[in-house]
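> First, the structure itself, so that you have it in front of you.
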Amino acid sequence: MPLHIITSEDKQPLSFMPQLVLAVGRITPSGVSLLGTSFAVARGKFATTKHVTNGDDSNLVIVLPRYQTLLEYQDTSDKSVSHLDVKIVAIDPFKDICILSTDDMDSVNLLYRLGGTDDVLPGSPVATFSFPHADHGRLVLTQHDTHVGARVLIEAGGLKSKYIILNTQARPGQSGGPVINLEDMSVVGMIIGAYTPSTGGTMLFGGVDTRTLHQTTHVISAEYLKEMI
Amino acid sequence: MATFEEIFTGNETEWIDALPVYQRNIINVLVAQGKLYDEVAIAWLSASGPANTFPFGTQGSSEVFFEKLVEEIEEFLCGKDRYTEDRKKLLTGAEATKTVVISSISLAIAPVVHASAPYIAPVVALVLITVTKLGRNAWCAMRREQKRNLHKDAEQ
């Protein structure tokens with residue numbers, strides 16, 4: 001089934017995000033297993049993180065939007081999903097970025113442009129869109145309004161890249177979610193994960209790593225997506 | 001129609017230049033840091049995003065192992081049993097540029113190592129640099145010798 005994105009200019013443009021921010025999943029014998037979040041970056045192309053896909057595109061899909069706008073009530077008991085096959089067309093394991101592609105997308109009217117973390121200052125208001133708790137099969141596109149806490153450089157394998165810290169707590173399923181600068185409707189980054197200290201060991205409580213229970217969420221600059229599209 | 005001898009000629013860095021710019025830039029930085037090509041390949045496969053970051057996908061990570069990948073590249077370039085059609089397509093198809101060679105090998109072996117072709121393409125390119133340096137026949141012979149030695153060691 002081709003994906004038609006029918007967004008329009010509106011007083012509440014962010015309400016149309018369900019058509020642009022889609023869950024990533026993998027087809028398993030028991031159905032579609034949700035892996036994380038992705039968002040449209042060009043016609044037929046979606047950005048997510050490398051760790052959401054593990055670099056493997058076998059049976060990889062994006063879940064088609066079930067709602068046109070965020071104004072609708074999302075039925076949490078509705079487990080039915082339709083999906084499109086996607087392939088990985090670009091991947092950077094150091095910055096943890098992955099670009100997915102599908103041939104079944106006729107057109108896209110992006111509500112945002114791709115910017116970067118240079119465009120926001122500490123204190124800038126931003127909104128994230130993602131599927132928190134997807135590890136439990138929950139498929140609810142959720143908007144979180146928050147602020148930029150800091151601009152940071154984080155190293156990966158000897159390479160440093162630009163990130164921002166969001167003053168919000170993230171949960172599994174949110175990786176790959178776009179971070180929107182509310183001042184100019186640009187995507188400034190993509191959620192990667194939460195700060196976690198490299199020492200001290202892991203402490204699980206109710207299946208949750210307690211080291212991740214804080215408001216220090218890492219977001220990679222969207223400027224790196226542009227060179228991969 | 002191309003031959004392997006023609007494919008493995010030229011400047012070794014042409015293999016890196018054949019990669020997409022964003023991958024090429026990363027590889028060049030790691031090489032400039034003094035890493036050997038094999039070390040760069042292993043760094044690529046073991047990279048897991050920024051330091052001190054807990055990923056919020058829903059699945060655990062898995063790693064493609066460098067040696068497994070090299071084994072499959074060896075099978076493609078030196079073997080006879082598998083990848084016969086892929087090899088034939090590469091050698092009889094349109095111009096076998098460095099990009100086409102990397103892409104053909106990556107696409108053929110990606111399903112075997114449970115990874116996407118774009119993910120393993122830089123590693124394929126880095127291994128092909130060594131193949132070009134030594135020559136395909138010498139590289140294949142070296143790999144056979146290494147395996148023989150491994151077997152001997154295991155038997156002792």
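Ligands are numbered from 1 in the order shown, chains are lettered A, B, ... in the order of the structure tokens, and residues start at 1 in each chain.
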If the cut-off is 6 Å, can you tell me the residues of chain B near chain A, counting only C-alpha atoms? I'd like them as a list in words.

Ala47, Ser48, Gly49, Pro50, Ala51, Asn52, Thr53, Phe54, Pro55, Phe56, Gly57, Thr58, His114, Ala115, Ser116, Pro118 and Tyr119 of chain B

> Write a file of the selected residues as a short mmCIF file (atom, residue, chain, number, x, y, z; two decimals), in the first residue's frame, keeping N, CA and C atoms.


```
data_model
loop_
_atom_site.label_atom_id
_atom_site.label_comp_id
_atom_site.auth_asym_id
_atom_site.auth_seq_id
_atom_site.Cartn_x
_atom_site.Cartn_y
_atom_site.Cartn_z
N ALA B 47 31.59 -0.06 16.37
CA ALA B 47 31.08 1.26 16.82
C ALA B 47 29.62 1.13 17.23
N SER B 48 29.29 1.76 18.34
CA SER B 48 27.90 1.65 18.80
C SER B 48 27.41 3.01 19.30
N GLY B 49 27.66 4.04 18.48
CA GLY B 49 27.14 5.36 18.82
C GLY B 49 28.00 6.06 19.84
N PRO B 50 27.49 7.18 20.35
CA PRO B 50 28.28 8.02 21.24
C PRO B 50 28.60 7.34 22.57
N ALA B 51 29.72 7.76 23.14
CA ALA B 51 30.13 7.19 24.42
C ALA B 51 29.14 7.55 25.52
N ASN B 52 29.09 6.71 26.53
CA ASN B 52 28.26 6.97 27.72
C ASN B 52 26.81 7.30 27.37
N THR B 53 26.28 6.55 26.43
CA THR B 53 24.89 6.78 26.02
C THR B 53 24.14 5.46 26.03
N PHE B 54 23.04 5.43 26.74
CA PHE B 54 22.19 4.23 26.79
C PHE B 54 21.19 4.34 25.65
N PRO B 55 21.23 3.41 24.68
CA PRO B 55 20.35 3.53 23.52
C PRO B 55 18.90 3.20 23.86
N PHE B 56 17.97 3.95 23.27
CA PHE B 56 16.56 3.71 23.55
C PHE B 56 15.81 3.10 22.38
N GLY B 57 16.49 2.15 21.70
CA GLY B 57 15.76 1.25 20.84
C GLY B 57 15.19 0.16 21.74
N THR B 58 14.53 -0.82 21.15
CA THR B 58 13.90 -1.85 22.00
C THR B 58 14.63 -3.17 21.95
N HIS B 114 23.96 -11.30 8.16
CA HIS B 114 22.83 -10.65 8.84
C HIS B 114 23.05 -9.15 9.01
N ALA B 115 23.39 -8.51 7.92
CA ALA B 115 23.61 -7.06 7.96
C ALA B 115 23.17 -6.48 6.61
N SER B 116 22.98 -5.18 6.58
CA SER B 116 22.63 -4.54 5.31
C SER B 116 23.90 -4.25 4.53
N PRO B 118 24.82 -1.48 2.85
CA PRO B 118 25.51 -0.20 3.15
C PRO B 118 26.33 -0.25 4.44
N TYR B 119 25.91 -1.09 5.38
CA TYR B 119 26.64 -1.18 6.65
C TYR B 119 28.00 -1.85 6.47
#
```

> Just the residues within 12 Å of Lys88 of chain B, please, counting only C-alpha atoms, with nothing from its chain fewer than 4 positions along; format it as a list in words.

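Contacts, with the query itself left out: Met1, Ala2, Thr3, Phe4, Phe76, Leu77, Lys80, Arg82, Tyr83, Thr84, Thr92, Gly93, Ala94, Ala96, Val101, Ser104, Ile105 and Ala108 of chain B.
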
> Got a sec: who's within 10 Å of segment 125-129 of chain B, counting only C-alpha atoms, leaving out chain neighbours fewer than 3 positions off, as a VMD selection string?

chain B and resid 7 to 9 11 to 19 27 36 to 41 66 69 to 70 73 to 74 77 98 to 99 101 to 103 105 to 106 120 to 122 132 to 136 139

> Could you write out the selected residues, including C-alpha atoms, as an mmCIF file, in the first residue's frame?


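New file out-v9.cif:
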```
data_model
loop_
_atom_site.group_PDB
_atom_site.id
_atom_site.type_symbol
_atom_site.label_atom_id
_atom_site.label_comp_id
_atom_site.auth_asym_id
_atom_site.auth_seq_id
_atom_site.Cartn_x
_atom_site.Cartn_y
_atom_site.Cartn_z
ATOM 1 C CA ILE B 7 39.618 -5.056 -10.871
ATOM 2 C CA PHE B 8 42.487 -5.241 -8.406
ATOM 3 C CA THR B 9 44.695 -2.643 -10.020
ATOM 4 C CA ASN B 11 45.825 3.089 -6.243
ATOM 5 C CA GLU B 12 44.624 1.386 -3.087
ATOM 6 C CA THR B 13 42.897 4.536 -1.826
ATOM 7 C CA GLU B 14 40.549 4.373 -4.809
ATOM 8 C CA TRP B 15 38.572 1.822 -2.810
ATOM 9 C CA ILE B 16 37.956 4.379 -0.061
ATOM 10 C CA ASP B 17 37.168 7.072 -2.620
ATOM 11 C CA ALA B 18 34.459 4.800 -4.030
ATOM 12 C CA LEU B 19 32.482 4.986 -0.773
ATOM 13 C CA ILE B 27 37.382 6.150 7.255
ATOM 14 C CA LEU B 36 45.682 0.038 10.125
ATOM 15 C CA TYR B 37 42.984 -0.806 7.582
ATOM 16 C CA ASP B 38 41.931 -3.922 9.498
ATOM 17 C CA GLU B 39 41.734 -1.894 12.700
ATOM 18 C CA VAL B 40 39.542 0.683 10.972
ATOM 19 C CA ALA B 41 37.263 -2.088 9.721
ATOM 20 C CA PHE B 66 35.168 -8.930 11.116
ATOM 21 C CA LEU B 69 32.948 -10.992 6.982
ATOM 22 C CA VAL B 70 36.464 -11.593 5.649
ATOM 23 C CA ILE B 73 34.739 -11.973 1.013
ATOM 24 C CA GLU B 74 37.302 -14.757 0.608
ATOM 25 C CA LEU B 77 36.891 -13.845 -4.450
ATOM 26 C CA LYS B 98 35.329 0.169 -7.692
ATOM 27 C CA THR B 99 31.847 1.273 -6.582
ATOM 28 C CA VAL B 101 32.613 -4.131 -7.060
ATOM 29 C CA ILE B 102 32.073 -2.970 -3.454
ATOM 30 C CA SER B 103 28.338 -2.883 -3.976
ATOM 31 C CA ILE B 105 30.205 -8.047 -2.939
ATOM 32 C CA SER B 106 28.350 -6.251 -0.134
ATOM 33 C CA ILE B 120 29.314 -3.625 5.544
ATOM 34 C CA ALA B 121 30.393 -1.738 2.379
ATOM 35 C CA PRO B 122 33.214 0.223 4.117
ATOM 36 C CA THR B 132 44.836 -4.995 -4.202
ATOM 37 C CA LYS B 133 48.122 -4.577 -2.349
ATOM 38 C CA LEU B 134 48.900 -8.296 -2.437
ATOM 39 C CA GLY B 135 47.132 -9.283 -5.631
ATOM 40 C CA ARG B 136 44.091 -11.554 -5.554
ATOM 41 C CA TRP B 139 45.737 -12.883 -0.945
#
```

> Going by DSSP on the backbone, which residues of segment 1-227 of chain A come out as strand (DSSP E or B)? List them as a PyMOL selection string.

chain A and resi 3-4+21-28+31-42+45-48+60-63+83-85+87-92+97-101+105-107+113-114+125-130+142-156+159-166+178-181+186-195+204-205+208-209+217-221

> As a count of residues only, list the residues of segment 36-93 of chain B assigned to helix (DSSP H, G or I) by DSSP on the backbone atoms of this structure.

32

> So the first atom is atom CA of Leu71 of chain A and the second is atom CA of Asp106 of chain A; what is the distance between them in Å, to one decimal place?

24.7 Å

> Quick one: distance from atom CA of Ile99 of chain A to atom CA of Phe39 of chain A in Å, one decimal?

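Between these atoms lies a distance of 9.7 Å.
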
> Quick one: residues within 12 Å of Tyr73 of chain A, only C-alpha atoms counted, chain neighbours fewer than 5 positions away excluded, as a VMD selection string?

chain A and resid 18 66 to 68 78 140 to 142

> Using all heavy atoms, can you write the selected residues to a file as a PDB file, in the first residue's frame?


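That gives us out.pdb:
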```pdb
ATOM      1  N   PRO A  18       1.761  12.674  13.084  1.00  0.00           N
ATOM      2  CA  PRO A  18       1.566  11.223  12.909  1.00  0.00           C
ATOM      3  C   PRO A  18       1.786  10.748  11.479  1.00  0.00           C
ATOM      4  O   PRO A  18       2.027   9.559  11.260  1.00  0.00           O
ATOM      5  CB  PRO A  18       0.103  11.014  13.327  1.00  0.00           C
ATOM      6  CG  PRO A  18      -0.160  12.097  14.303  1.00  0.00           C
ATOM      7  CD  PRO A  18       0.616  13.288  13.780  1.00  0.00           C
ATOM      8  N   ARG A  66      -1.659   5.397  11.713  1.00  0.00           N
ATOM      9  CA  ARG A  66      -3.040   4.956  11.965  1.00  0.00           C
ATOM     10  C   ARG A  66      -3.953   6.154  12.194  1.00  0.00           C
ATOM     11  O   ARG A  66      -5.159   6.026  12.221  1.00  0.00           O
ATOM     12  CB  ARG A  66      -3.071   4.027  13.177  1.00  0.00           C
ATOM     13  CG  ARG A  66      -2.222   2.773  12.953  1.00  0.00           C
ATOM     14  CD  ARG A  66      -2.438   1.740  14.024  1.00  0.00           C
ATOM     15  NE  ARG A  66      -2.085   2.225  15.351  1.00  0.00           N
ATOM     16  CZ  ARG A  66      -2.264   1.535  16.475  1.00  0.00           C
ATOM     17  NH1 ARG A  66      -2.819   0.343  16.420  1.00  0.00           N
ATOM     18  NH2 ARG A  66      -1.898   2.027  17.645  1.00  0.00           N
ATOM     19  N   TYR A  67      -3.337   7.308  12.383  1.00  0.00           N
ATOM     20  CA  TYR A  67      -4.117   8.521  12.639  1.00  0.00           C
ATOM     21  C   TYR A  67      -3.579   9.658  11.779  1.00  0.00           C
ATOM     22  O   TYR A  67      -2.383   9.711  11.494  1.00  0.00           O
ATOM     23  CB  TYR A  67      -4.044   8.891  14.127  1.00  0.00           C
ATOM     24  CG  TYR A  67      -4.544   7.776  15.001  1.00  0.00           C
ATOM     25  CD1 TYR A  67      -3.661   6.832  15.529  1.00  0.00           C
ATOM     26  CD2 TYR A  67      -5.906   7.629  15.260  1.00  0.00           C
ATOM     27  CE1 TYR A  67      -4.119   5.770  16.298  1.00  0.00           C
ATOM     28  CE2 TYR A  67      -6.372   6.569  16.033  1.00  0.00           C
ATOM     29  CZ  TYR A  67      -5.475   5.653  16.545  1.00  0.00           C
ATOM     30  OH  TYR A  67      -5.947   4.596  17.287  1.00  0.00           O
ATOM     31  N   GLN A  68      -4.447  10.530  11.357  1.00  0.00           N
ATOM     32  CA  GLN A  68      -4.033  11.645  10.514  1.00  0.00           C
ATOM     33  C   GLN A  68      -3.416  12.767  11.340  1.00  0.00           C
ATOM     34  O   GLN A  68      -2.497  13.448  10.891  1.00  0.00           O
ATOM     35  CB  GLN A  68      -5.226  12.196   9.725  1.00  0.00           C
ATOM     36  CG  GLN A  68      -5.834  11.203   8.742  1.00  0.00           C
ATOM     37  CD  GLN A  68      -4.852  10.798   7.660  1.00  0.00           C
ATOM     38  OE1 GLN A  68      -4.121  11.629   7.146  1.00  0.00           O
ATOM     39  NE2 GLN A  68      -4.830   9.527   7.310  1.00  0.00           N
ATOM     40  N   ASP A  78      -5.971  -1.063  20.177  1.00  0.00           N
ATOM     41  CA  ASP A  78      -5.906  -1.436  18.759  1.00  0.00           C
ATOM     42  C   ASP A  78      -4.476  -1.861  18.424  1.00  0.00           C
ATOM     43  O   ASP A  78      -3.576  -1.029  18.358  1.00  0.00           O
ATOM     44  CB  ASP A  78      -6.351  -0.254  17.898  1.00  0.00           C
ATOM     45  CG  ASP A  78      -6.320  -0.590  16.419  1.00  0.00           C
ATOM     46  OD1 ASP A  78      -6.043  -1.767  16.082  1.00  0.00           O
ATOM     47  OD2 ASP A  78      -6.552   0.321  15.596  1.00  0.00           O
ATOM     48  N   VAL A 140       1.976   4.517  20.660  1.00  0.00           N
ATOM     49  CA  VAL A 140       1.325   5.817  20.868  1.00  0.00           C
ATOM     50  C   VAL A 140       2.329   6.917  20.532  1.00  0.00           C
ATOM     51  O   VAL A 140       3.331   7.102  21.250  1.00  0.00           O
ATOM     52  CB  VAL A 140       0.850   5.974  22.332  1.00  0.00           C
ATOM     53  CG1 VAL A 140       0.256   7.377  22.538  1.00  0.00           C
ATOM     54  CG2 VAL A 140      -0.178   4.903  22.676  1.00  0.00           C
ATOM     55  N   LEU A 141       2.072   7.621  19.438  1.00  0.00           N
ATOM     56  CA  LEU A 141       2.962   8.732  19.099  1.00  0.00           C
ATOM     57  C   LEU A 141       2.749   9.842  20.126  1.00  0.00           C
ATOM     58  O   LEU A 141       1.632  10.317  20.314  1.00  0.00           O
ATOM     59  CB  LEU A 141       2.676   9.255  17.689  1.00  0.00           C
ATOM     60  CG  LEU A 141       3.590  10.411  17.276  1.00  0.00           C
ATOM     61  CD1 LEU A 141       5.038   9.965  17.177  1.00  0.00           C
ATOM     62  CD2 LEU A 141       3.147  11.017  15.962  1.00  0.00           C
ATOM     63  N   THR A 142       3.835  10.223  20.759  1.00  0.00           N
ATOM     64  CA  THR A 142       3.720  11.132  21.897  1.00  0.00           C
ATOM     65  C   THR A 142       4.598  12.361  21.696  1.00  0.00           C
ATOM     66  O   THR A 142       5.757  12.244  21.297  1.00  0.00           O
ATOM     67  CB  THR A 142       4.143  10.403  23.195  1.00  0.00           C
ATOM     68  OG1 THR A 142       3.351   9.226  23.323  1.00  0.00           O
ATOM     69  CG2 THR A 142       3.943  11.289  24.411  1.00  0.00           C
TER      70      THR A 142
END
```

> Rounded to one decimal, what separation in Å do you get between atom CA of Phe46 of chain A and atom CA of Ala150 of chain A?

26.4 Å

> List the neighbours of Val63 of chain A out to 10 Å using only C-alpha atoms; skip same-chain residues closer than 2 positions along the sequence, and give me the result as a list in words.

Val21, Leu22, Ala23, Val24, Gly25, Arg26, Val32, Leu34, Thr37, Ser38, Leu60, Val61, Pro65, Arg66, Val81, Ser82, His83, Leu84, Asp85 and Leu139 of chain A

> Output N, CA and C atoms for every residue in that selection, as a PDB file, in the first residue's frame.


```pdb
ATOM      1  N   VAL A  21       6.067  10.928  11.433  1.00  0.00           N
ATOM      2  CA  VAL A  21       6.868  10.197  12.427  1.00  0.00           C
ATOM      3  C   VAL A  21       6.266   8.800  12.572  1.00  0.00           C
ATOM      4  N   LEU A  22       7.017   7.801  12.123  1.00  0.00           N
ATOM      5  CA  LEU A  22       6.479   6.442  12.052  1.00  0.00           C
ATOM      6  C   LEU A  22       7.344   5.479  12.867  1.00  0.00           C
ATOM      7  N   ALA A  23       6.697   4.472  13.408  1.00  0.00           N
ATOM      8  CA  ALA A  23       7.444   3.457  14.165  1.00  0.00           C
ATOM      9  C   ALA A  23       8.198   2.541  13.196  1.00  0.00           C
ATOM     10  N   VAL A  24       9.335   2.066  13.654  1.00  0.00           N
ATOM     11  CA  VAL A  24      10.120   1.075  12.910  1.00  0.00           C
ATOM     12  C   VAL A  24       9.882  -0.277  13.563  1.00  0.00           C
ATOM     13  N   GLY A  25       9.744  -1.303  12.755  1.00  0.00           N
ATOM     14  CA  GLY A  25       9.533  -2.640  13.315  1.00  0.00           C
ATOM     15  C   GLY A  25      10.199  -3.707  12.479  1.00  0.00           C
ATOM     16  N   ARG A  26      10.171  -4.907  13.012  1.00  0.00           N
ATOM     17  CA  ARG A  26      10.685  -6.046  12.250  1.00  0.00           C
ATOM     18  C   ARG A  26       9.625  -7.136  12.279  1.00  0.00           C
ATOM     19  N   VAL A  32       4.560  -7.976  14.056  1.00  0.00           N
ATOM     20  CA  VAL A  32       5.568  -6.914  13.932  1.00  0.00           C
ATOM     21  C   VAL A  32       6.073  -6.544  15.329  1.00  0.00           C
ATOM     22  N   LEU A  34       8.037  -3.977  17.510  1.00  0.00           N
ATOM     23  CA  LEU A  34       8.417  -2.568  17.403  1.00  0.00           C
ATOM     24  C   LEU A  34       9.849  -2.361  17.881  1.00  0.00           C
ATOM     25  N   THR A  37      11.671   4.593  16.629  1.00  0.00           N
ATOM     26  CA  THR A  37      10.972   5.669  15.907  1.00  0.00           C
ATOM     27  C   THR A  37      11.778   6.082  14.680  1.00  0.00           C
ATOM     28  N   SER A  38      11.062   6.560  13.660  1.00  0.00           N
ATOM     29  CA  SER A  38      11.728   7.146  12.487  1.00  0.00           C
ATOM     30  C   SER A  38      10.920   8.362  12.049  1.00  0.00           C
ATOM     31  N   LEU A  60      12.676  -5.684   7.804  1.00  0.00           N
ATOM     32  CA  LEU A  60      12.522  -4.385   8.463  1.00  0.00           C
ATOM     33  C   LEU A  60      11.354  -3.619   7.812  1.00  0.00           C
ATOM     34  N   VAL A  61      10.535  -2.988   8.624  1.00  0.00           N
ATOM     35  CA  VAL A  61       9.361  -2.273   8.106  1.00  0.00           C
ATOM     36  C   VAL A  61       9.179  -0.947   8.860  1.00  0.00           C
ATOM     37  N   PRO A  65       0.959   5.186   9.333  1.00  0.00           N
ATOM     38  CA  PRO A  65       0.204   5.963  10.325  1.00  0.00           C
ATOM     39  C   PRO A  65      -1.226   5.454  10.474  1.00  0.00           C
ATOM     40  N   ARG A  66      -1.659   5.397  11.713  1.00  0.00           N
ATOM     41  CA  ARG A  66      -3.040   4.956  11.965  1.00  0.00           C
ATOM     42  C   ARG A  66      -3.953   6.154  12.194  1.00  0.00           C
ATOM     43  N   VAL A  81      -1.678  -3.307  12.738  1.00  0.00           N
ATOM     44  CA  VAL A  81      -0.752  -2.410  12.059  1.00  0.00           C
ATOM     45  C   VAL A  81      -0.634  -2.784  10.582  1.00  0.00           C
ATOM     46  N   SER A  82      -0.455  -1.768   9.763  1.00  0.00           N
ATOM     47  CA  SER A  82      -0.078  -1.982   8.365  1.00  0.00           C
ATOM     48  C   SER A  82       1.349  -1.470   8.239  1.00  0.00           C
ATOM     49  N   HIS A  83       2.086  -2.052   7.323  1.00  0.00           N
ATOM     50  CA  HIS A  83       3.493  -1.651   7.263  1.00  0.00           C
ATOM     51  C   HIS A  83       4.023  -1.654   5.837  1.00  0.00           C
ATOM     52  N   LEU A  84       5.139  -0.982   5.685  1.00  0.00           N
ATOM     53  CA  LEU A  84       5.853  -0.941   4.406  1.00  0.00           C
ATOM     54  C   LEU A  84       7.247  -1.504   4.602  1.00  0.00           C
ATOM     55  N   ASP A  85       7.702  -2.281   3.634  1.00  0.00           N
ATOM     56  CA  ASP A  85       9.086  -2.774   3.698  1.00  0.00           C
ATOM     57  C   ASP A  85      10.042  -1.607   3.490  1.00  0.00           C
ATOM     58  N   LEU A 139       2.061   1.562  20.976  1.00  0.00           N
ATOM     59  CA  LEU A 139       2.236   2.312  19.741  1.00  0.00           C
ATOM     60  C   LEU A 139       1.475   3.635  19.841  1.00  0.00           C
TER      61      LEU A 139
END
```
